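A.B. asks: Before we start, here is the structure in question, set down as C-alpha cells.
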Amino acid sequence: MLIAADKFKGSLTAVEVAERVTAGLRRGWSGAADLLRIDALPVADGGDGTVDAAVAAGFERREARVTGPLGTPVTAAYALRDGTAVVEMAEASGLRHLPDGVFAPLTATTYGSGELLRAALDAGARTIVFGVGGSATTDGGAGMLSALGARFLRGDGTPVAPGGGPLGELATADLSGLDPRLAATEVVLASDVDNPLTGPKGAAAVYGPQKGASEADVAALDAALATYVRVLERAVGPRAAEYAAAPGAGAAGGIGFGA
C-alpha cells in the first residue's frame, strides 16, 4: 500500500497524515502484518508543506533568515539535493507568518521569497522547483524580483513601497540588475491553480479576500497589478502581457507572473 497524502491544512502536516493512516492500517491488519507492506510518500501542491514533502523524499533541509511578508525577519526553509532546490514561497511570504487576525493585503511583500531563491542559488542550485501557494501577498512577485536585483521606481525616481497597493504608483521598471545566475537556472513553477494575474478571475479578485482584502482593496490591487503589467511591457516587451494572461500567473498573489 502506498500512502501519498497532502496536508490536512490547519490540522496535520502531510507527514503526520501519512503516519496516522499507516498506524491505522497496521492496527486494522494486525492479524496479517506479515502480508502488509506500507510505503509513505508525503506530497504537496506547491503551497505549505512542499519543502517538507521534498525532505521526506530525501532532500536536505536548509534554512535562511529572510524578510517576512510584514517586513520583519523570519526563518525559512528550502530543500536541496544534487543541484536541485525546492523553494516554497509560503516559507518566506506565507499567511503562516502573520499574527492571528492580522492581515496586510495592500502592503505584504514577497521580498523574502526572492531572498530564499537567492539562498538556493548561493547553495549551488541550478534547477529550482518553486512552489507557490499559501501566500499573504498580492504584489505580483515585485518584492521577489526586487530581492533578485530588479528596480521598481515611481515617477520621481524613488523606489515604490513594498506590497501590491503601491504598484499603482509604479512608473518604470529596470530588470537589468537581475541576478545573472538566473539566466543559467531552470525554474519550474509548481502551482495548482490556473488563474491569470488580473481581472475577475485574477489574483486580487479570487484570493485577495482570503488575505483580508476588502472590496475596495481588491479593486485597488487589481488596478495596481494592471499598472505593473503595463510598466513591465515597456521594460521587456509584449511578453509581459502574455505572461499576465497565462494560466498560473495569478498564483500566490501573482508571484506566478513574477516568476
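By convention in this document, the chains of the C-alpha cells carry letters A, B, ... by their order, each chain's residues are numbered from 1, and ligands are numbered from 1 in the order they are shown.
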Among segment 30-211 of chain A, which residues does DSSP mark as alpha helix (DSSP H) when it is run on the backbone? Keep the chain and numbering as in the structure and answer as number ranges by chain.
C.D. replies: A: 50-56, 89-93, 111-122, 142-147
A.B. asks: Which residues, written as a PyMOL selection string, have at least one atom at most 7 Å from segment 78-93 of chain A, with only C-alpha atoms counted and residues fewer than 3 positions away on the same chain left out?
C.D. replies: chain A and resi 46-48+50-51+54-55+59-63+66-69+74+109-110+112-113+117+120+124-137
A.B. asks: Grab the residues selected above and save them as an mmCIF file, in the first residue's frame with N, CA and C atoms.
C.D. replies:
data_model
loop_
_atom_site.group_PDB
_atom_site.id
_atom_site.type_symbol
_atom_site.label_atom_id
_atom_site.label_comp_id
_atom_site.auth_asym_id
_atom_site.auth_seq_id
_atom_site.Cartn_x
_atom_site.Cartn_y
_atom_site.Cartn_z
ATOM 1 N N GLY A 46 2.470 22.673 -3.907
ATOM 2 C CA GLY A 46 3.194 23.902 -4.143
ATOM 3 C C GLY A 46 3.085 24.874 -2.988
ATOM 4 N N GLY A 47 2.050 24.724 -2.174
ATOM 5 C CA GLY A 47 1.858 25.590 -1.017
ATOM 6 C C GLY A 47 2.538 25.042 0.218
ATOM 7 N N ASP A 48 1.935 25.326 1.381
ATOM 8 C CA ASP A 48 2.515 24.882 2.644
ATOM 9 C C ASP A 48 2.807 23.388 2.623
ATOM 10 N N THR A 50 5.397 21.924 0.970
ATOM 11 C CA THR A 50 6.126 21.460 -0.211
ATOM 12 C C THR A 50 7.575 21.104 0.134
ATOM 13 N N VAL A 51 8.230 21.937 0.932
ATOM 14 C CA VAL A 51 9.604 21.633 1.349
ATOM 15 C C VAL A 51 9.629 20.374 2.207
ATOM 16 N N ALA A 54 9.519 17.343 0.092
ATOM 17 C CA ALA A 54 10.802 17.084 -0.566
ATOM 18 C C ALA A 54 11.798 16.471 0.407
ATOM 19 N N VAL A 55 11.817 16.980 1.637
ATOM 20 C CA VAL A 55 12.722 16.428 2.648
ATOM 21 C C VAL A 55 12.362 14.966 2.938
ATOM 22 N N PHE A 59 15.526 14.908 0.169
ATOM 23 C CA PHE A 59 16.258 16.169 0.034
ATOM 24 C C PHE A 59 16.786 16.617 1.394
ATOM 25 N N GLU A 60 17.829 17.453 1.347
ATOM 26 C CA GLU A 60 18.397 18.022 2.573
ATOM 27 C C GLU A 60 17.686 19.323 2.907
ATOM 28 N N ARG A 61 17.298 19.477 4.149
ATOM 29 C CA ARG A 61 16.645 20.705 4.601
ATOM 30 C C ARG A 61 17.690 21.771 4.894
ATOM 31 N N ARG A 62 17.507 22.957 4.320
ATOM 32 C CA ARG A 62 18.366 24.106 4.579
ATOM 33 C C ARG A 62 17.503 25.255 5.097
ATOM 34 N N GLU A 63 18.107 26.177 5.820
ATOM 35 C CA GLU A 63 17.364 27.316 6.343
ATOM 36 C C GLU A 63 18.084 28.620 6.038
ATOM 37 N N VAL A 66 15.261 35.440 6.290
ATOM 38 C CA VAL A 66 14.776 36.291 5.198
ATOM 39 C C VAL A 66 13.730 37.272 5.725
ATOM 40 N N THR A 67 13.267 38.140 4.829
ATOM 41 C CA THR A 67 12.253 39.130 5.167
ATOM 42 C C THR A 67 10.860 38.522 5.068
ATOM 43 N N GLY A 68 10.088 38.620 6.136
ATOM 44 C CA GLY A 68 8.732 38.091 6.124
ATOM 45 C C GLY A 68 7.773 39.024 5.401
ATOM 46 N N PRO A 69 6.517 38.622 5.252
ATOM 47 C CA PRO A 69 5.555 39.414 4.485
ATOM 48 C C PRO A 69 5.293 40.795 5.078
ATOM 49 N N VAL A 74 12.152 36.427 9.288
ATOM 50 C CA VAL A 74 11.625 35.097 9.588
ATOM 51 C C VAL A 74 12.659 34.069 9.157
ATOM 52 N N THR A 109 4.669 41.769 1.363
ATOM 53 C CA THR A 109 5.678 41.686 0.310
ATOM 54 C C THR A 109 6.230 40.277 0.130
ATOM 55 N N THR A 110 6.642 39.989 -1.097
ATOM 56 C CA THR A 110 7.299 38.712 -1.414
ATOM 57 C C THR A 110 8.816 38.859 -1.439
ATOM 58 N N GLY A 112 11.038 38.391 0.760
ATOM 59 C CA GLY A 112 11.706 37.245 1.365
ATOM 60 C C GLY A 112 11.751 36.030 0.466
ATOM 61 N N SER A 113 10.749 35.883 -0.409
ATOM 62 C CA SER A 113 10.774 34.765 -1.358
ATOM 63 C C SER A 113 11.945 34.908 -2.324
ATOM 64 N N LEU A 117 15.103 32.369 -2.812
ATOM 65 C CA LEU A 117 15.612 31.901 -4.103
ATOM 66 C C LEU A 117 17.107 32.189 -4.216
ATOM 67 N N ALA A 120 19.096 29.684 -2.338
ATOM 68 C CA ALA A 120 19.219 28.418 -3.075
ATOM 69 C C ALA A 120 20.296 28.531 -4.158
ATOM 70 N N GLY A 124 24.254 26.572 -4.646
ATOM 71 C CA GLY A 124 24.651 25.816 -5.831
ATOM 72 C C GLY A 124 23.523 25.269 -6.673
ATOM 73 N N ALA A 125 22.284 25.628 -6.346
ATOM 74 C CA ALA A 125 21.153 25.111 -7.128
ATOM 75 C C ALA A 125 21.175 25.706 -8.535
ATOM 76 N N ARG A 126 20.963 24.847 -9.522
ATOM 77 C CA ARG A 126 20.838 25.304 -10.897
ATOM 78 C C ARG A 126 19.523 24.855 -11.520
ATOM 79 N N THR A 127 18.759 24.087 -10.763
ATOM 80 C CA THR A 127 17.360 23.817 -11.064
ATOM 81 C C THR A 127 16.576 24.131 -9.799
ATOM 82 N N ILE A 128 15.544 24.950 -9.932
ATOM 83 C CA ILE A 128 14.732 25.333 -8.776
ATOM 84 C C ILE A 128 13.278 24.997 -9.067
ATOM 85 N N VAL A 129 12.702 24.168 -8.233
ATOM 86 C CA VAL A 129 11.264 23.923 -8.261
ATOM 87 C C VAL A 129 10.656 24.914 -7.276
ATOM 88 N N PHE A 130 9.895 25.861 -7.794
ATOM 89 C CA PHE A 130 9.394 26.974 -6.998
ATOM 90 C C PHE A 130 7.925 26.766 -6.697
ATOM 91 N N GLY A 131 7.627 26.353 -5.472
ATOM 92 C CA GLY A 131 6.259 26.094 -5.056
ATOM 93 C C GLY A 131 5.561 27.379 -4.656
ATOM 94 N N VAL A 132 4.393 27.611 -5.238
ATOM 95 C CA VAL A 132 3.678 28.865 -4.977
ATOM 96 C C VAL A 132 2.276 28.560 -4.459
ATOM 97 N N GLY A 133 1.962 29.124 -3.309
ATOM 98 C CA GLY A 133 0.662 28.916 -2.682
ATOM 99 C C GLY A 133 0.746 29.305 -1.224
ATOM 100 N N GLY A 134 -0.398 29.541 -0.604
ATOM 101 C CA GLY A 134 -0.427 29.879 0.811
ATOM 102 C C GLY A 134 0.125 31.249 1.127
ATOM 103 N N SER A 135 0.090 32.166 0.166
ATOM 104 C CA SER A 135 0.753 33.459 0.339
ATOM 105 C C SER A 135 -0.100 34.442 1.137
ATOM 106 N N ALA A 136 0.603 35.387 1.774
ATOM 107 C CA ALA A 136 -0.051 36.514 2.439
ATOM 108 C C ALA A 136 -0.066 37.732 1.536
ATOM 109 N N THR A 137 0.401 37.588 0.312
ATOM 110 C CA THR A 137 0.765 38.716 -0.545
ATOM 111 C C THR A 137 -0.087 38.809 -1.806
#
A.B. asks: Go through segment 32-226 of chain A and collect every residue that DSSP, computed from the backbone, puts in strand (DSSP E); the answer should be as a short mmCIF file (atom, residue, chain, number, x, y, z; two decimals) with all heavy atoms, in the first residue's frame.
C.D. replies:
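part-v4.cif, written as the output of this step:
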data_model
loop_
_atom_site.label_atom_id
_atom_site.label_comp_id
_atom_site.auth_asym_id
_atom_site.auth_seq_id
_atom_site.Cartn_x
_atom_site.Cartn_y
_atom_site.Cartn_z
N ASP A 39 4.30 1.87 2.12
CA ASP A 39 5.24 2.93 1.79
C ASP A 39 4.52 4.26 1.95
O ASP A 39 3.39 4.42 1.47
CB ASP A 39 5.74 2.80 0.35
CG ASP A 39 6.64 1.58 0.17
OD1 ASP A 39 7.51 1.36 1.03
OD2 ASP A 39 6.47 0.87 -0.83
N ALA A 40 5.16 5.22 2.62
CA ALA A 40 4.59 6.55 2.82
C ALA A 40 5.39 7.56 2.02
O ALA A 40 6.61 7.64 2.15
CB ALA A 40 4.60 6.92 4.30
N GLU A 60 17.83 17.45 1.35
CA GLU A 60 18.40 18.02 2.57
C GLU A 60 17.69 19.32 2.91
O GLU A 60 17.51 20.18 2.05
CB GLU A 60 19.89 18.30 2.38
CG GLU A 60 20.56 18.97 3.57
CD GLU A 60 21.97 19.43 3.28
OE1 GLU A 60 22.48 19.15 2.18
OE2 GLU A 60 22.56 20.09 4.16
N ARG A 61 17.30 19.48 4.15
CA ARG A 61 16.65 20.70 4.60
C ARG A 61 17.69 21.77 4.89
O ARG A 61 18.67 21.52 5.60
CB ARG A 61 15.80 20.43 5.84
CG ARG A 61 15.02 21.63 6.36
CD ARG A 61 14.28 21.28 7.64
NE ARG A 61 13.55 22.40 8.18
CZ ARG A 61 12.29 22.71 7.87
NH1 ARG A 61 11.63 21.91 7.03
NH2 ARG A 61 11.69 23.75 8.39
N ARG A 62 17.51 22.96 4.32
CA ARG A 62 18.37 24.11 4.58
C ARG A 62 17.50 25.26 5.10
O ARG A 62 16.31 25.31 4.81
CB ARG A 62 19.08 24.56 3.30
CG ARG A 62 20.00 23.51 2.66
CD ARG A 62 21.32 23.44 3.37
NE ARG A 62 22.28 22.60 2.67
CZ ARG A 62 23.22 23.05 1.82
NH1 ARG A 62 23.29 24.35 1.54
NH2 ARG A 62 24.07 22.22 1.25
N GLU A 63 18.11 26.18 5.82
CA GLU A 63 17.36 27.32 6.34
C GLU A 63 18.08 28.62 6.04
O GLU A 63 19.31 28.65 5.90
CB GLU A 63 17.14 27.19 7.85
CG GLU A 63 16.17 26.07 8.24
CD GLU A 63 15.84 26.06 9.72
OE1 GLU A 63 16.58 26.72 10.50
OE2 GLU A 63 14.85 25.40 10.10
N ALA A 64 17.31 29.70 5.93
CA ALA A 64 17.86 31.03 5.70
C ALA A 64 17.01 32.04 6.45
O ALA A 64 15.81 31.85 6.63
CB ALA A 64 17.88 31.35 4.21
N ARG A 65 17.65 33.10 6.88
CA ARG A 65 16.93 34.20 7.54
C ARG A 65 16.56 35.20 6.46
O ARG A 65 17.43 35.73 5.76
CB ARG A 65 17.84 34.85 8.58
CG ARG A 65 17.11 35.70 9.60
CD ARG A 65 16.30 34.88 10.56
NE ARG A 65 15.76 35.73 11.66
CZ ARG A 65 14.72 35.39 12.38
NH1 ARG A 65 14.09 34.26 12.15
NH2 ARG A 65 14.31 36.18 13.35
N VAL A 66 15.26 35.44 6.29
CA VAL A 66 14.78 36.29 5.20
C VAL A 66 13.73 37.27 5.72
O VAL A 66 13.34 37.23 6.89
CB VAL A 66 14.18 35.44 4.06
CG1 VAL A 66 15.21 34.47 3.49
CG2 VAL A 66 12.93 34.68 4.53
N THR A 67 13.27 38.14 4.83
CA THR A 67 12.25 39.13 5.17
C THR A 67 10.86 38.52 5.07
O THR A 67 10.50 37.96 4.03
CB THR A 67 12.35 40.33 4.21
OG1 THR A 67 13.67 40.87 4.27
CG2 THR A 67 11.35 41.41 4.58
N PRO A 73 12.04 39.93 10.08
CA PRO A 73 12.78 38.72 9.71
C PRO A 73 12.04 37.44 10.12
O PRO A 73 11.40 37.39 11.18
CB PRO A 73 14.10 38.85 10.48
CG PRO A 73 14.22 40.30 10.83
CD PRO A 73 12.81 40.78 11.02
N VAL A 74 12.15 36.43 9.29
CA VAL A 74 11.62 35.10 9.59
C VAL A 74 12.66 34.07 9.16
O VAL A 74 13.53 34.35 8.32
CB VAL A 74 10.28 34.82 8.87
CG1 VAL A 74 9.23 35.84 9.29
CG2 VAL A 74 10.46 34.83 7.36
N THR A 75 12.58 32.89 9.73
CA THR A 75 13.43 31.78 9.31
C THR A 75 12.65 30.92 8.33
O THR A 75 11.54 30.47 8.64
CB THR A 75 13.89 30.94 10.51
OG1 THR A 75 14.65 31.77 11.39
CG2 THR A 75 14.75 29.77 10.06
N ALA A 76 13.20 30.72 7.15
CA ALA A 76 12.52 29.98 6.09
C ALA A 76 13.39 28.82 5.63
O ALA A 76 14.62 28.92 5.60
CB ALA A 76 12.21 30.89 4.91
N ALA A 77 12.74 27.72 5.27
CA ALA A 77 13.46 26.53 4.84
C ALA A 77 13.30 26.31 3.34
O ALA A 77 12.31 26.71 2.73
CB ALA A 77 12.95 25.31 5.60
N TYR A 78 14.30 25.68 2.75
CA TYR A 78 14.20 25.14 1.40
C TYR A 78 14.88 23.79 1.40
O TYR A 78 15.50 23.39 2.41
CB TYR A 78 14.82 26.11 0.37
CG TYR A 78 16.31 26.32 0.50
CD1 TYR A 78 17.22 25.61 -0.28
CD2 TYR A 78 16.83 27.26 1.39
CE1 TYR A 78 18.59 25.81 -0.17
CE2 TYR A 78 18.19 27.47 1.51
CZ TYR A 78 19.07 26.74 0.72
OH TYR A 78 20.43 26.95 0.83
N ALA A 79 14.74 23.05 0.33
CA ALA A 79 15.30 21.70 0.25
C ALA A 79 16.27 21.63 -0.91
O ALA A 79 16.07 22.26 -1.95
CB ALA A 79 14.18 20.67 0.08
N LEU A 80 17.34 20.84 -0.75
CA LEU A 80 18.40 20.78 -1.76
C LEU A 80 18.89 19.36 -1.94
O LEU A 80 19.07 18.62 -0.96
CB LEU A 80 19.56 21.68 -1.34
CG LEU A 80 20.71 21.85 -2.32
CD1 LEU A 80 20.26 22.67 -3.54
CD2 LEU A 80 21.89 22.54 -1.64
N ARG A 81 19.09 18.97 -3.19
CA ARG A 81 19.70 17.67 -3.49
C ARG A 81 20.27 17.71 -4.90
O ARG A 81 19.55 17.99 -5.86
CB ARG A 81 18.66 16.54 -3.37
CG ARG A 81 19.26 15.14 -3.61
CD ARG A 81 18.26 14.03 -3.36
NE ARG A 81 17.21 14.03 -4.37
CZ ARG A 81 16.17 13.19 -4.36
NH1 ARG A 81 16.03 12.33 -3.36
NH2 ARG A 81 15.25 13.26 -5.30
N THR A 84 19.53 20.51 -7.30
CA THR A 84 18.11 20.88 -7.45
C THR A 84 17.58 21.35 -6.10
O THR A 84 17.76 20.66 -5.09
CB THR A 84 17.28 19.68 -7.94
OG1 THR A 84 17.70 19.33 -9.25
CG2 THR A 84 15.79 20.04 -7.98
N ALA A 85 16.94 22.50 -6.10
CA ALA A 85 16.35 23.04 -4.88
C ALA A 85 14.84 23.08 -5.01
O ALA A 85 14.30 23.34 -6.08
CB ALA A 85 16.88 24.44 -4.60
N VAL A 86 14.18 22.81 -3.91
CA VAL A 86 12.73 23.02 -3.81
C VAL A 86 12.52 24.20 -2.88
O VAL A 86 12.89 24.16 -1.70
CB VAL A 86 12.02 21.77 -3.27
CG1 VAL A 86 10.53 22.05 -3.09
CG2 VAL A 86 12.23 20.59 -4.20
N VAL A 87 11.99 25.28 -3.44
CA VAL A 87 11.78 26.52 -2.70
C VAL A 87 10.27 26.75 -2.59
O VAL A 87 9.56 26.70 -3.59
CB VAL A 87 12.46 27.71 -3.40
CG1 VAL A 87 12.15 29.01 -2.65
CG2 VAL A 87 13.97 27.49 -3.49
N GLU A 88 9.82 27.00 -1.39
CA GLU A 88 8.39 27.19 -1.12
C GLU A 88 8.16 28.65 -0.70
O GLU A 88 8.65 29.07 0.35
CB GLU A 88 7.97 26.23 0.00
CG GLU A 88 6.56 26.36 0.50
CD GLU A 88 6.34 25.48 1.72
OE1 GLU A 88 6.88 24.37 1.81
OE2 GLU A 88 5.61 25.94 2.63
N THR A 127 18.76 24.09 -10.76
CA THR A 127 17.36 23.82 -11.06
C THR A 127 16.58 24.13 -9.80
O THR A 127 16.93 23.67 -8.72
CB THR A 127 17.13 22.36 -11.47
OG1 THR A 127 17.86 22.06 -12.65
CG2 THR A 127 15.64 22.08 -11.71
N ILE A 128 15.54 24.95 -9.93
CA ILE A 128 14.73 25.33 -8.78
C ILE A 128 13.28 25.00 -9.07
O ILE A 128 12.71 25.48 -10.05
CB ILE A 128 14.87 26.82 -8.45
CG1 ILE A 128 16.30 27.15 -8.02
CG2 ILE A 128 13.89 27.22 -7.35
CD1 ILE A 128 16.55 28.63 -7.76
N VAL A 129 12.70 24.17 -8.23
CA VAL A 129 11.26 23.92 -8.26
C VAL A 129 10.66 24.91 -7.28
O VAL A 129 10.90 24.83 -6.07
CB VAL A 129 10.93 22.47 -7.87
CG1 VAL A 129 9.41 22.26 -7.88
CG2 VAL A 129 11.62 21.50 -8.81
N PHE A 130 9.90 25.86 -7.79
CA PHE A 130 9.39 26.97 -7.00
C PHE A 130 7.92 26.77 -6.70
O PHE A 130 7.06 26.94 -7.56
CB PHE A 130 9.63 28.28 -7.76
CG PHE A 130 9.35 29.53 -6.98
CD1 PHE A 130 9.63 29.62 -5.63
CD2 PHE A 130 8.81 30.65 -7.61
CE1 PHE A 130 9.38 30.77 -4.91
CE2 PHE A 130 8.56 31.81 -6.91
CZ PHE A 130 8.84 31.87 -5.56
N GLY A 131 7.63 26.35 -5.47
CA GLY A 131 6.26 26.09 -5.06
C GLY A 131 5.56 27.38 -4.66
O GLY A 131 6.08 28.15 -3.84
N ARG A 151 14.59 46.76 -10.13
CA ARG A 151 14.28 48.05 -9.52
C ARG A 151 12.93 48.52 -10.03
O ARG A 151 12.69 48.55 -11.25
CB ARG A 151 15.36 49.08 -9.83
CG ARG A 151 16.73 48.70 -9.30
CD ARG A 151 17.79 49.69 -9.77
NE ARG A 151 17.64 50.99 -9.11
CZ ARG A 151 17.66 52.15 -9.74
NH1 ARG A 151 17.79 52.21 -11.06
NH2 ARG A 151 17.53 53.28 -9.07
N PHE A 152 12.05 48.90 -9.11
CA PHE A 152 10.71 49.39 -9.45
C PHE A 152 10.58 50.80 -8.87
O PHE A 152 10.65 50.99 -7.65
CB PHE A 152 9.64 48.46 -8.89
CG PHE A 152 9.71 47.07 -9.48
CD1 PHE A 152 10.27 46.02 -8.77
CD2 PHE A 152 9.23 46.83 -10.75
CE1 PHE A 152 10.34 44.75 -9.32
CE2 PHE A 152 9.30 45.56 -11.32
CZ PHE A 152 9.85 44.52 -10.60
N LEU A 153 10.40 51.79 -9.76
CA LEU A 153 10.50 53.18 -9.35
C LEU A 153 9.24 53.97 -9.65
O LEU A 153 8.53 53.69 -10.62
CB LEU A 153 11.68 53.85 -10.08
CG LEU A 153 13.04 53.14 -9.95
CD1 LEU A 153 14.07 53.83 -10.83
CD2 LEU A 153 13.49 53.10 -8.50
N THR A 172 8.41 53.14 -13.71
CA THR A 172 9.45 52.49 -14.51
C THR A 172 9.93 51.22 -13.81
O THR A 172 9.90 51.13 -12.58
CB THR A 172 10.66 53.40 -14.75
OG1 THR A 172 11.23 53.78 -13.48
CG2 THR A 172 10.27 54.64 -15.53
N ALA A 173 10.36 50.26 -14.61
CA ALA A 173 10.92 49.01 -14.10
C ALA A 173 12.25 48.76 -14.80
O ALA A 173 12.35 48.90 -16.02
CB ALA A 173 9.97 47.85 -14.35
N ASP A 174 13.25 48.39 -14.02
CA ASP A 174 14.58 48.11 -14.56
C ASP A 174 14.97 46.71 -14.11
O ASP A 174 15.23 46.47 -12.94
CB ASP A 174 15.57 49.15 -14.04
CG ASP A 174 16.99 48.89 -14.54
OD1 ASP A 174 17.18 47.98 -15.36
OD2 ASP A 174 17.90 49.61 -14.08
N GLU A 186 17.28 26.68 -14.41
CA GLU A 186 15.93 26.25 -14.81
C GLU A 186 15.01 26.43 -13.62
O GLU A 186 15.26 25.89 -12.54
CB GLU A 186 15.94 24.78 -15.24
CG GLU A 186 14.56 24.29 -15.66
CD GLU A 186 14.53 22.80 -15.96
OE1 GLU A 186 15.47 22.09 -15.59
OE2 GLU A 186 13.54 22.36 -16.57
N VAL A 187 13.95 27.19 -13.82
CA VAL A 187 12.96 27.41 -12.76
C VAL A 187 11.66 26.74 -13.17
O VAL A 187 11.08 27.06 -14.21
CB VAL A 187 12.73 28.90 -12.49
CG1 VAL A 187 11.67 29.09 -11.40
CG2 VAL A 187 14.04 29.58 -12.07
N VAL A 188 11.20 25.81 -12.36
CA VAL A 188 9.95 25.09 -12.61
C VAL A 188 8.91 25.63 -11.63
O VAL A 188 9.09 25.53 -10.42
CB VAL A 188 10.13 23.58 -12.40
CG1 VAL A 188 8.81 22.84 -12.66
CG2 VAL A 188 11.23 23.04 -13.31
N LEU A 189 7.84 26.20 -12.15
CA LEU A 189 6.80 26.76 -11.30
C LEU A 189 5.82 25.65 -10.90
O LEU A 189 5.22 25.02 -11.76
CB LEU A 189 6.06 27.87 -12.06
CG LEU A 189 5.14 28.76 -11.25
CD1 LEU A 189 5.92 29.58 -10.24
CD2 LEU A 189 4.35 29.68 -12.17
N ALA A 190 5.71 25.41 -9.60
CA ALA A 190 4.83 24.36 -9.08
C ALA A 190 3.58 25.02 -8.50
O ALA A 190 3.62 25.60 -7.41
CB ALA A 190 5.54 23.54 -8.02
#
A.B. asks: With only C-alpha atoms as the basis for distance, which of A:Pro159, A:Gly254, A:Gly165, A:Gly71 is at the shortest distance from Gly140 of chain A?
C.D. replies: A:Gly254
A.B. asks: Using only C-alpha atoms, can you tell me which of A:Gly58, A:Pro42, A:Gly94, A:Gly24 comes closest to Phe8 of chain A?
C.D. replies: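 Smallest separation from Phe8 of chain A among the options: A:Pro42.
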A.B. asks: Within 7 Å of Gly248 of chain A, counting only C-alpha atoms, which residues show up once you throw out same-chain ones fewer than 2 positions away? Write them as an MDAnalysis selection string, please.
C.D. replies: chainID A and resid 191 193:196 246 250:251 256
A.B. asks: Would you output that residue set with N, CA and C atoms, as a PDB file, in the first residue's frame?
C.D. replies:
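Below you can see part_17.pdb, which holds the result:
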ATOM      1  N   SER A 191       2.488  24.951  -9.249  1.00  0.00           N
ATOM      2  CA  SER A 191       1.250  25.622  -8.851  1.00  0.00           C
ATOM      3  C   SER A 191       0.067  24.716  -9.124  1.00  0.00           C
ATOM      4  N   VAL A 193      -3.116  26.141  -9.383  1.00  0.00           N
ATOM      5  CA  VAL A 193      -4.209  26.994  -9.862  1.00  0.00           C
ATOM      6  C   VAL A 193      -3.859  27.520 -11.246  1.00  0.00           C
ATOM      7  N   ASP A 194      -4.888  27.924 -12.000  1.00  0.00           N
ATOM      8  CA  ASP A 194      -4.655  28.398 -13.365  1.00  0.00           C
ATOM      9  C   ASP A 194      -5.184  29.814 -13.582  1.00  0.00           C
ATOM     10  N   ASN A 195      -5.289  30.591 -12.504  1.00  0.00           N
ATOM     11  CA  ASN A 195      -5.810  31.956 -12.613  1.00  0.00           C
ATOM     12  C   ASN A 195      -4.833  32.864 -13.348  1.00  0.00           C
ATOM     13  N   PRO A 196      -5.352  33.819 -14.145  1.00  0.00           N
ATOM     14  CA  PRO A 196      -4.496  34.859 -14.709  1.00  0.00           C
ATOM     15  C   PRO A 196      -4.136  35.867 -13.622  1.00  0.00           C
ATOM     16  N   ALA A 246      -1.421  34.263 -18.793  1.00  0.00           N
ATOM     17  CA  ALA A 246      -1.137  32.826 -18.827  1.00  0.00           C
ATOM     18  C   ALA A 246      -1.705  32.126 -17.591  1.00  0.00           C
ATOM     19  N   GLY A 250      -1.676  34.223 -11.757  1.00  0.00           N
ATOM     20  CA  GLY A 250      -2.277  34.768 -10.556  1.00  0.00           C
ATOM     21  C   GLY A 250      -2.021  33.957  -9.297  1.00  0.00           C
ATOM     22  N   ALA A 251      -1.220  32.899  -9.405  1.00  0.00           N
ATOM     23  CA  ALA A 251      -0.959  32.053  -8.241  1.00  0.00           C
ATOM     24  C   ALA A 251      -0.201  32.826  -7.168  1.00  0.00           C
ATOM     25  N   GLY A 256       3.304  33.983  -9.478  1.00  0.00           N
ATOM     26  CA  GLY A 256       3.470  33.173 -10.681  1.00  0.00           C
ATOM     27  C   GLY A 256       3.858  34.041 -11.868  1.00  0.00           C
TER      28      GLY A 256
END
A.B. asks: Quick one: residues within 12 Å of Gly212 of chain A, only C-alpha atoms, excluding same-chain residues fewer than 5 positions away - as a list in words?
C.D. replies: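 The filter keeps Leu95, Leu98, Asp100, Gly101, Val102, Phe103, Ala104, Pro105, Leu106, Thr107, Ala108, Ser135, Ala136, Thr137, Thr138, Ala204, Ala205, Val206, Tyr207, Asp217 and Val218 of chain A.
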A.B. asks: Just checking: using only C-alpha atoms, which residue out of A:Ile3, A:Ala216, A:Leu121, A:Leu170 ends up closest to Ala184 of chain A?
C.D. replies: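 For Ala184 of chain A, the nearest of the candidates is A:Leu121.
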